[in-house]
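Source file: protein.csv (CSV, C-alpha atoms and all ligand atoms)
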chain,number,residue,atom,x,y,z
A,1,MET,CA,-30.1,22.3,-0.8
A,2,ASP,CA,-26.8,21.7,1.0
A,3,SER,CA,-24.2,24.1,-0.3
A,4,THR,CA,-21.3,22.6,1.6
A,5,PRO,CA,-18.7,21.5,-0.9
A,6,ASP,CA,-18.3,17.8,-1.0
A,7,PRO,CA,-14.8,17.1,0.4
A,8,ALA,CA,-13.9,14.7,-2.4
A,9,THR,CA,-15.1,17.1,-5.1
A,10,ALA,CA,-13.5,20.1,-3.4
A,11,ARG,CA,-10.1,18.5,-3.8
A,12,GLY,CA,-10.0,19.0,-7.5
A,13,GLY,CA,-13.1,17.2,-8.8
A,14,ASP,CA,-13.8,13.6,-8.8
A,15,ALA,CA,-13.6,11.8,-12.1
A,16,VAL,CA,-15.7,8.9,-10.8
A,17,HIS,CA,-18.7,11.2,-10.9
A,18,ALA,CA,-17.7,13.1,-14.1
A,19,ASP,CA,-19.6,12.3,-17.3
A,20,ALA,CA,-16.4,11.5,-19.2
A,21,PRO,CA,-13.8,9.5,-17.2
A,22,PRO,CA,-10.1,10.0,-17.9
A,23,ALA,CA,-8.7,7.7,-20.6
A,24,ASP,CA,-5.7,6.8,-18.4
A,25,PRO,CA,-6.5,5.6,-14.8
A,26,ALA,CA,-3.0,6.8,-13.7
A,27,ASP,CA,-4.3,10.4,-14.0
A,28,LEU,CA,-7.1,9.5,-11.6
A,29,VAL,CA,-4.7,7.8,-9.2
A,30,ARG,CA,-2.4,10.9,-9.2
A,31,SER,CA,-5.4,13.2,-8.5
A,32,TRP,CA,-6.4,11.0,-5.5
A,33,LEU,CA,-2.9,10.7,-4.0
A,34,PRO,CA,-1.9,13.2,-1.3
A,35,GLY,CA,1.1,14.5,-3.2
A,36,GLU,CA,4.4,14.2,-1.5
A,37,ASP,CA,2.7,12.5,1.4
A,38,ALA,CA,1.7,9.4,-0.6
A,39,ASP,CA,3.3,7.2,2.0
A,40,THR,CA,0.8,8.3,4.6
A,41,LEU,CA,-1.9,6.1,2.9
A,42,LEU,CA,-2.4,2.5,4.2
A,43,MET,CA,-3.5,-0.3,2.0
A,44,THR,CA,-4.6,-3.9,2.5
A,45,VAL,CA,-2.5,-6.3,0.5
A,46,SER,CA,-4.2,-9.6,-0.3
A,47,THR,CA,-2.1,-12.6,-1.4
A,48,VAL,CA,-3.1,-16.2,-1.9
A,49,ASP,CA,-1.8,-18.7,0.7
A,50,GLY,CA,-0.6,-22.2,0.1
A,51,GLU,CA,-4.2,-23.6,0.5
A,52,GLY,CA,-5.7,-21.1,-1.9
A,53,TYR,CA,-7.2,-18.8,0.7
A,54,PRO,CA,-6.8,-15.1,0.5
A,55,ARG,CA,-4.5,-13.7,3.2
A,56,ALA,CA,-4.8,-9.9,3.9
A,57,ARG,CA,-2.7,-7.4,5.9
A,58,THR,CA,-2.2,-3.7,6.1
A,59,VAL,CA,0.9,-2.0,4.8
A,60,ARG,CA,1.9,1.5,3.9
A,61,LEU,CA,1.7,2.5,0.3
A,62,THR,CA,5.2,3.8,-0.3
A,63,GLY,CA,4.8,5.2,-3.8
A,64,PHE,CA,3.1,5.3,-7.2
A,65,ASP,CA,5.4,5.8,-10.2
A,66,GLY,CA,2.7,6.5,-12.7
A,67,GLU,CA,2.3,2.8,-13.5
A,68,ARG,CA,3.1,0.6,-10.4
A,69,PHE,CA,2.1,0.7,-6.7
A,70,LEU,CA,4.9,0.2,-4.3
A,71,PHE,CA,5.1,-1.3,-0.8
A,72,HIS,CA,7.9,-2.4,1.4
A,73,THR,CA,8.3,-5.3,3.9
A,74,ASP,CA,10.5,-7.9,5.5
A,75,ALA,CA,11.9,-10.6,3.2
A,76,ARG,CA,11.1,-13.3,5.8
A,77,SER,CA,7.4,-12.4,6.0
A,78,ARG,CA,4.6,-14.7,4.8
A,79,LYS,CA,3.5,-12.3,2.1
A,80,VAL,CA,6.9,-12.5,0.5
A,81,ALA,CA,6.8,-16.4,0.4
A,82,GLU,CA,3.3,-16.2,-0.9
A,83,LEU,CA,4.2,-13.7,-3.7
A,84,ALA,CA,7.1,-15.9,-4.7
A,85,ALA,CA,4.7,-18.8,-5.2
A,86,ASP,CA,1.9,-16.7,-6.8
A,87,PRO,CA,2.6,-13.0,-7.7
A,88,ARG,CA,-1.1,-12.2,-8.2
A,89,VAL,CA,-2.2,-9.6,-5.6
A,90,ALA,CA,-5.0,-7.3,-4.7
A,91,LEU,CA,-4.5,-3.9,-3.0
A,92,THR,CA,-7.3,-2.1,-1.3
A,93,ILE,CA,-6.7,1.5,-0.4
A,94,LEU,CA,-9.3,3.3,1.7
A,95,TRP,CA,-8.9,7.1,2.0
A,96,PRO,CA,-9.1,8.1,5.7
A,97,GLU,CA,-12.2,10.2,5.3
A,98,GLY,CA,-14.1,7.2,3.9
A,99,THR,CA,-15.2,8.9,0.7
A,100,ARG,CA,-12.8,7.1,-1.7
A,101,GLN,CA,-11.6,3.5,-2.2
A,102,LEU,CA,-9.4,2.0,-4.8
A,103,VAL,CA,-9.1,-1.7,-5.4
A,104,VAL,CA,-6.2,-2.8,-7.6
A,105,GLN,CA,-5.7,-6.3,-9.0
A,106,GLY,CA,-2.4,-7.0,-10.5
A,107,THR,CA,1.0,-8.7,-10.5
A,108,ALA,CA,3.8,-8.0,-8.0
A,109,CYS,CA,7.4,-8.1,-8.8
A,110,ALA,CA,10.5,-7.1,-6.8
A,111,ALA,CA,11.1,-3.4,-6.4
A,112,SER,CA,14.5,-2.2,-7.6
A,113,ASP,CA,17.4,-1.7,-5.3
A,114,GLU,CA,17.0,2.0,-5.7
A,115,GLU,CA,13.3,1.9,-4.9
A,116,LYS,CA,14.1,-0.1,-1.7
A,117,ALA,CA,16.8,2.3,-0.7
A,118,ARG,CA,14.7,5.3,-1.2
A,119,ALA,CA,11.8,3.9,0.8
A,120,TYR,CA,14.1,2.9,3.6
A,121,ALA,CA,15.7,6.3,3.7
A,122,ALA,CA,12.3,7.9,4.1
A,123,LEU,CA,11.4,5.9,7.2
A,124,PRO,CA,11.2,7.6,10.6
A,125,PRO,CA,13.7,6.1,13.2
A,126,TYR,CA,11.1,3.9,14.9
A,127,LEU,CA,10.3,2.1,11.6
A,128,LYS,CA,14.0,1.7,10.8
A,129,GLN,CA,14.6,0.1,14.2
A,130,LEU,CA,11.5,-2.1,13.7
A,131,ALA,CA,13.0,-3.3,10.4
A,132,TRP,CA,15.9,-4.6,12.4
A,133,LEU,CA,14.2,-6.0,15.5
A,134,ASN,CA,10.9,-7.4,14.2
A,135,THR,CA,12.1,-11.0,14.0
A,136,ALA,CA,10.4,-14.3,14.7
A,137,GLU,CA,12.8,-14.9,17.6
A,138,HIS,CA,12.2,-11.4,19.1
A,139,ALA,CA,8.4,-11.9,19.0
A,140,THR,CA,8.7,-14.9,21.3
A,141,LEU,CA,10.6,-13.0,24.1
A,142,PRO,CA,9.0,-11.9,27.3
A,143,ARG,CA,7.8,-8.2,27.3
A,144,SER,CA,10.6,-7.0,29.7
A,145,GLU,CA,13.3,-8.5,27.4
A,146,ARG,CA,11.7,-7.1,24.3
A,147,GLU,CA,11.6,-3.6,25.9
A,148,ARG,CA,15.2,-4.0,27.1
A,149,ARG,CA,16.5,-5.0,23.6
A,150,TRP,CA,14.5,-2.2,22.0
A,151,ALA,CA,15.9,0.5,24.3
A,152,ASP,CA,19.5,-0.8,23.9
A,153,PHE,CA,19.2,-1.0,20.1
A,154,ALA,CA,17.6,2.5,19.9
A,155,ARG,CA,20.3,4.0,22.0
A,156,GLU,CA,23.2,2.3,20.1
A,157,ARG,CA,21.7,2.7,16.6
A,158,PRO,CA,19.4,5.7,16.5
A,159,ASP,CA,19.5,5.7,12.7
A,160,PRO,CA,20.3,2.1,11.6
A,161,PRO,CA,21.3,1.4,8.0
A,162,GLN,CA,19.1,-0.6,5.7
A,163,PRO,CA,19.1,-4.3,6.8
A,164,HIS,CA,19.5,-7.2,4.5
A,165,GLY,CA,15.9,-8.3,5.1
A,166,TRP,CA,14.4,-5.1,3.8
A,167,THR,CA,12.6,-5.7,0.5
A,168,GLY,CA,9.8,-4.2,-1.6
A,169,PHE,CA,7.3,-4.9,-4.3
A,170,ALA,CA,5.9,-3.0,-7.2
A,171,VAL,CA,2.4,-4.0,-8.3
A,172,THR,CA,1.5,-3.6,-12.0
A,173,PRO,CA,-2.3,-3.3,-12.2
A,174,HIS,CA,-4.4,-5.1,-14.8
A,175,ARG,CA,-7.7,-3.9,-13.2
A,176,MET,CA,-8.4,-0.8,-11.1
A,177,LEU,CA,-11.7,-0.1,-9.4
A,178,PHE,CA,-12.3,3.4,-8.1
A,179,TRP,CA,-15.2,4.0,-5.7
A,180,ALA,CA,-16.3,7.4,-4.7
A,181,SER,CA,-19.2,8.8,-2.7
A,182,THR,CA,-20.5,12.4,-3.1
A,183,GLY,CA,-23.3,12.9,-0.6
A,184,ARG,CA,-25.4,14.3,-3.5
A,185,ALA,CA,-26.0,11.1,-5.5
A,186,ALA,CA,-25.4,7.4,-5.1
A,187,SER,CA,-21.8,6.3,-4.7
A,188,ARG,CA,-20.6,4.6,-7.9
A,189,ARG,CA,-17.5,2.9,-9.2
A,190,LEU,CA,-15.3,3.4,-12.2
A,191,GLU,CA,-13.6,0.2,-13.3
A,192,TYR,CA,-10.6,0.1,-15.7
A,193,ALA,CA,-9.5,-3.2,-17.2
A,194,ARG,CA,-6.4,-3.5,-19.2
A,195,SER,CA,-6.9,-4.7,-22.8
A,196,ALA,CA,-4.6,-5.1,-25.8
A,197,ASP,CA,-5.5,-1.5,-26.9
A,198,GLY,CA,-5.0,0.1,-23.5
A,199,TRP,CA,-7.6,0.7,-20.8
A,200,GLU,CA,-11.3,0.1,-21.1
A,201,SER,CA,-13.6,1.7,-18.5
A,202,ARG,CA,-17.2,1.3,-17.3
A,203,HIS,CA,-19.3,2.5,-14.5
A,204,LEU,CA,-20.6,0.1,-11.8
A,205,PRO,CA,-23.0,0.7,-8.9
A,206,GLY,CA,-21.3,1.3,-5.5
B,301,LIG,C1,-1.0,0.6,10.3
B,301,LIG,C2,-0.1,-0.5,9.9
B,301,LIG,C3,0.9,-0.3,8.9
B,301,LIG,C4,1.7,-1.4,8.6
B,301,LIG,N1,2.7,-1.2,7.6
B,301,LIG,C5,3.5,-2.2,7.2
B,301,LIG,C6,4.4,-2.1,6.1
B,301,LIG,O1,4.5,-1.0,5.5
B,301,LIG,N2,5.1,-3.1,5.8
B,301,LIG,C7,5.0,-4.4,6.4
B,301,LIG,O2,5.7,-5.3,6.0
B,301,LIG,N3,4.1,-4.5,7.4
B,301,LIG,C8,3.3,-3.5,7.8
B,301,LIG,N4,2.4,-3.7,8.8
B,301,LIG,C9,2.4,-5.0,9.5
B,301,LIG,C10,1.5,-6.0,8.6
B,301,LIG,O3,0.1,-5.7,8.7
B,301,LIG,C11,1.8,-7.4,8.9
B,301,LIG,O4,1.4,-7.7,10.2
B,301,LIG,C12,3.2,-7.9,8.6
B,301,LIG,O5,3.7,-7.3,7.4
B,301,LIG,C13,3.3,-9.4,8.5
B,301,LIG,O6,2.4,-9.8,7.5
B,301,LIG,P1,2.6,-11.3,6.8
B,301,LIG,O7,3.0,-12.3,7.8
B,301,LIG,O8,1.2,-11.6,6.3
B,301,LIG,O9,3.6,-11.2,5.7
B,301,LIG,C14,1.6,-2.7,9.2
B,301,LIG,C15,0.6,-2.9,10.1
B,301,LIG,C16,-0.3,-1.8,10.5
B,301,LIG,C17,-1.4,-2.1,11.4
Would you write the structure of this file as C-alpha cells?
Amino acid sequence: MDSTPDPATARGGDAVHADAPPADPADLVRSWLPGEDADTLLMTVSTVDGEGYPRARTVRLTGFDGERFLFHTDARSRKVAELAADPRVALTILWPEGTRQLVVQGTACAASDEEKARAYAALPPYLKQLAWLNTAEHATLPRSERERRWADFARERPDPPQPHGWTGFAVTPHRMLFWASTGRAASRRLEYARSADGWESRHLPG
C-alpha cells in the first residue's frame, strides 16, 4: 500500500473526506486557504452578460473575511457593468496542485473603501502600474507606443497611488461546493447550501 501522505490530507486533514463535515463551511475555507498568502490564489469569476450567457475570467482572490470572498478590478471593466445589472456570480477556485476545487455561488456587492485601499496597497509595483495604464485607449496603441508609455510611467511613478478606477467586490455565498481528491478513494464533493437555519450539507460524487 502506498504510504506517501496525500498532499491534501497532509496539510491538516481534509474535511471533504472526513465522516463528519464541519457545521460551518467558513472553517473549511480557512483550512484550505494558504494563510497570509491568500492572494496568491486565482479564481474564475463568472457573471451573466446582457444576453444571458455566462462570461468567465480569471482574477486574483484578494481575501476571505470569514464570510465573503473578495476580488479587485477596474471599474470600467465588463464584469463591473454586468454585476451592476445582475449581482449573481459564481467563483471557481482551483488549487494549483489540482487536488482541491471550490465553487461558490453567491451575490456580489461593492467592497468597502478600506478593503479596496488595503488590496491596492498590497499590490506589487507592476500591478499598480497596470491599474493605471490598462485602459481601452492604451490597448489600441501599437506595441512600440505601449512599451514607451509603460517605461515612462514606471520611471516617473514607480509606486503610483490608488487610481479612481480601482474597485472591488465582496461575494456573499449562498452555496459552496468543495471538491477534493485523495488518491486513496474516489474524489467527492461536499456541498453547503444556506437555509433559514444556517448551512445544510450533503456529499456528492466528484
Ligand atoms: C493570472 C491572471 C490574473 C488576473 N487577475 C486579475 C485581477 O485580479 N483583477 C482583474 O480585474 N483582472 C485580472 N485579470 C484579467 C482578467 O482575466 C480579465 O481579462 C479582465 O479583468 C477583464 O475582464 P472583463 O472584461 O470580463 O471584465 C487576470 C488575468 C490573469 C490571466
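The residues sitting within 6 Å of ligand LIG 301 (chain B), with only C-alpha atoms and all ligand atoms considered, come out as A:Arg57, A:Thr58, A:Val59, A:Arg60, A:His72, A:Thr73, A:Asp74, A:Ser77, A:Arg78, A:Lys79.
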**Prompt:** Around (3.8, -1.1, 1.3) in the file's frame, which residues reach within 12 Å when counting all atoms listed in the file? Return as a PyMOL selection string?
**Reply:** chain A and resi 38-46+57-64+68-74+79-80+91-93+108+111+115-116+119-120+123+166-171
Box for range 14-30 of chain A - axis-aligned, 8 Å on each of the six sides, all listed atoms - centre and size in Å to one decimal, as lines of an AutoDock Vina configuration file.
center_x = -11.0
center_y = 9.6
center_z = -14.7
size_x = 33.2
size_y = 24.0
size_z = 27.8
**Message:** My list of candidates is A:Arg76, A:Arg143, A:His203, A:Arg88. Which is closest to Arg55 in chain A when distances are computed with all atoms listed in the file?
**Reply:**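 Under the stated criterion, the closest residue is A:Arg88.
Distances to Trp150 in chain A were evaluated for A:Ala136, A:Ala23, A:Leu130, A:Val104 using all atoms listed in the file, and the minimum falls at A:Leu130.
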N, CA and C atoms are what I want for range 144-156 of chain A; can you complete it accordingly and write them as a JSON list (two decimals), in the frame of the given file?
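Generated output (rebuild_30.json):
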[["chain", "number", "residue", "atom", "x", "y", "z"],
["A", 144, "SER", "N", 9.49, -7.79, 29.04],
["A", 144, "SER", "CA", 10.60, -7.00, 29.70],
["A", 144, "SER", "C", 11.85, -7.15, 28.79],
["A", 145, "GLU", "N", 12.08, -8.34, 28.23],
["A", 145, "GLU", "CA", 13.30, -8.50, 27.40],
["A", 145, "GLU", "C", 13.13, -7.79, 26.06],
["A", 146, "ARG", "N", 11.94, -7.80, 25.51],
["A", 146, "ARG", "CA", 11.70, -7.10, 24.30],
["A", 146, "ARG", "C", 11.95, -5.56, 24.48],
["A", 147, "GLU", "N", 11.46, -5.06, 25.63],
["A", 147, "GLU", "CA", 11.60, -3.60, 25.90],
["A", 147, "GLU", "C", 13.11, -3.30, 26.14],
["A", 148, "ARG", "N", 13.81, -4.20, 26.81],
["A", 148, "ARG", "CA", 15.20, -4.00, 27.10],
["A", 148, "ARG", "C", 16.02, -3.93, 25.77],
["A", 149, "ARG", "N", 15.76, -4.93, 24.91],
["A", 149, "ARG", "CA", 16.50, -5.00, 23.60],
["A", 149, "ARG", "C", 16.17, -3.77, 22.76],
["A", 150, "TRP", "N", 14.89, -3.39, 22.79],
["A", 150, "TRP", "CA", 14.50, -2.20, 22.00],
["A", 150, "TRP", "C", 15.23, -0.97, 22.45],
["A", 151, "ALA", "N", 15.24, -0.75, 23.77],
["A", 151, "ALA", "CA", 15.90, 0.50, 24.30],
["A", 151, "ALA", "C", 17.39, 0.43, 24.03],
["A", 152, "ASP", "N", 18.03, -0.74, 24.18],
["A", 152, "ASP", "CA", 19.50, -0.80, 23.90],
["A", 152, "ASP", "C", 19.75, -0.53, 22.42],
["A", 153, "PHE", "N", 18.94, -1.14, 21.55],
["A", 153, "PHE", "CA", 19.20, -1.00, 20.10],
["A", 153, "PHE", "C", 18.96, 0.50, 19.71],
["A", 154, "ALA", "N", 17.88, 1.10, 20.22],
["A", 154, "ALA", "CA", 17.60, 2.50, 19.90],
["A", 154, "ALA", "C", 18.67, 3.43, 20.34],
["A", 155, "ARG", "N", 19.25, 3.12, 21.50],
["A", 155, "ARG", "CA", 20.30, 4.00, 22.00],
["A", 155, "ARG", "C", 21.60, 3.81, 21.19],
["A", 156, "GLU", "N", 21.92, 2.54, 20.86],
["A", 156, "GLU", "CA", 23.20, 2.30, 20.10],
["A", 156, "GLU", "C", 23.07, 2.64, 18.64]]
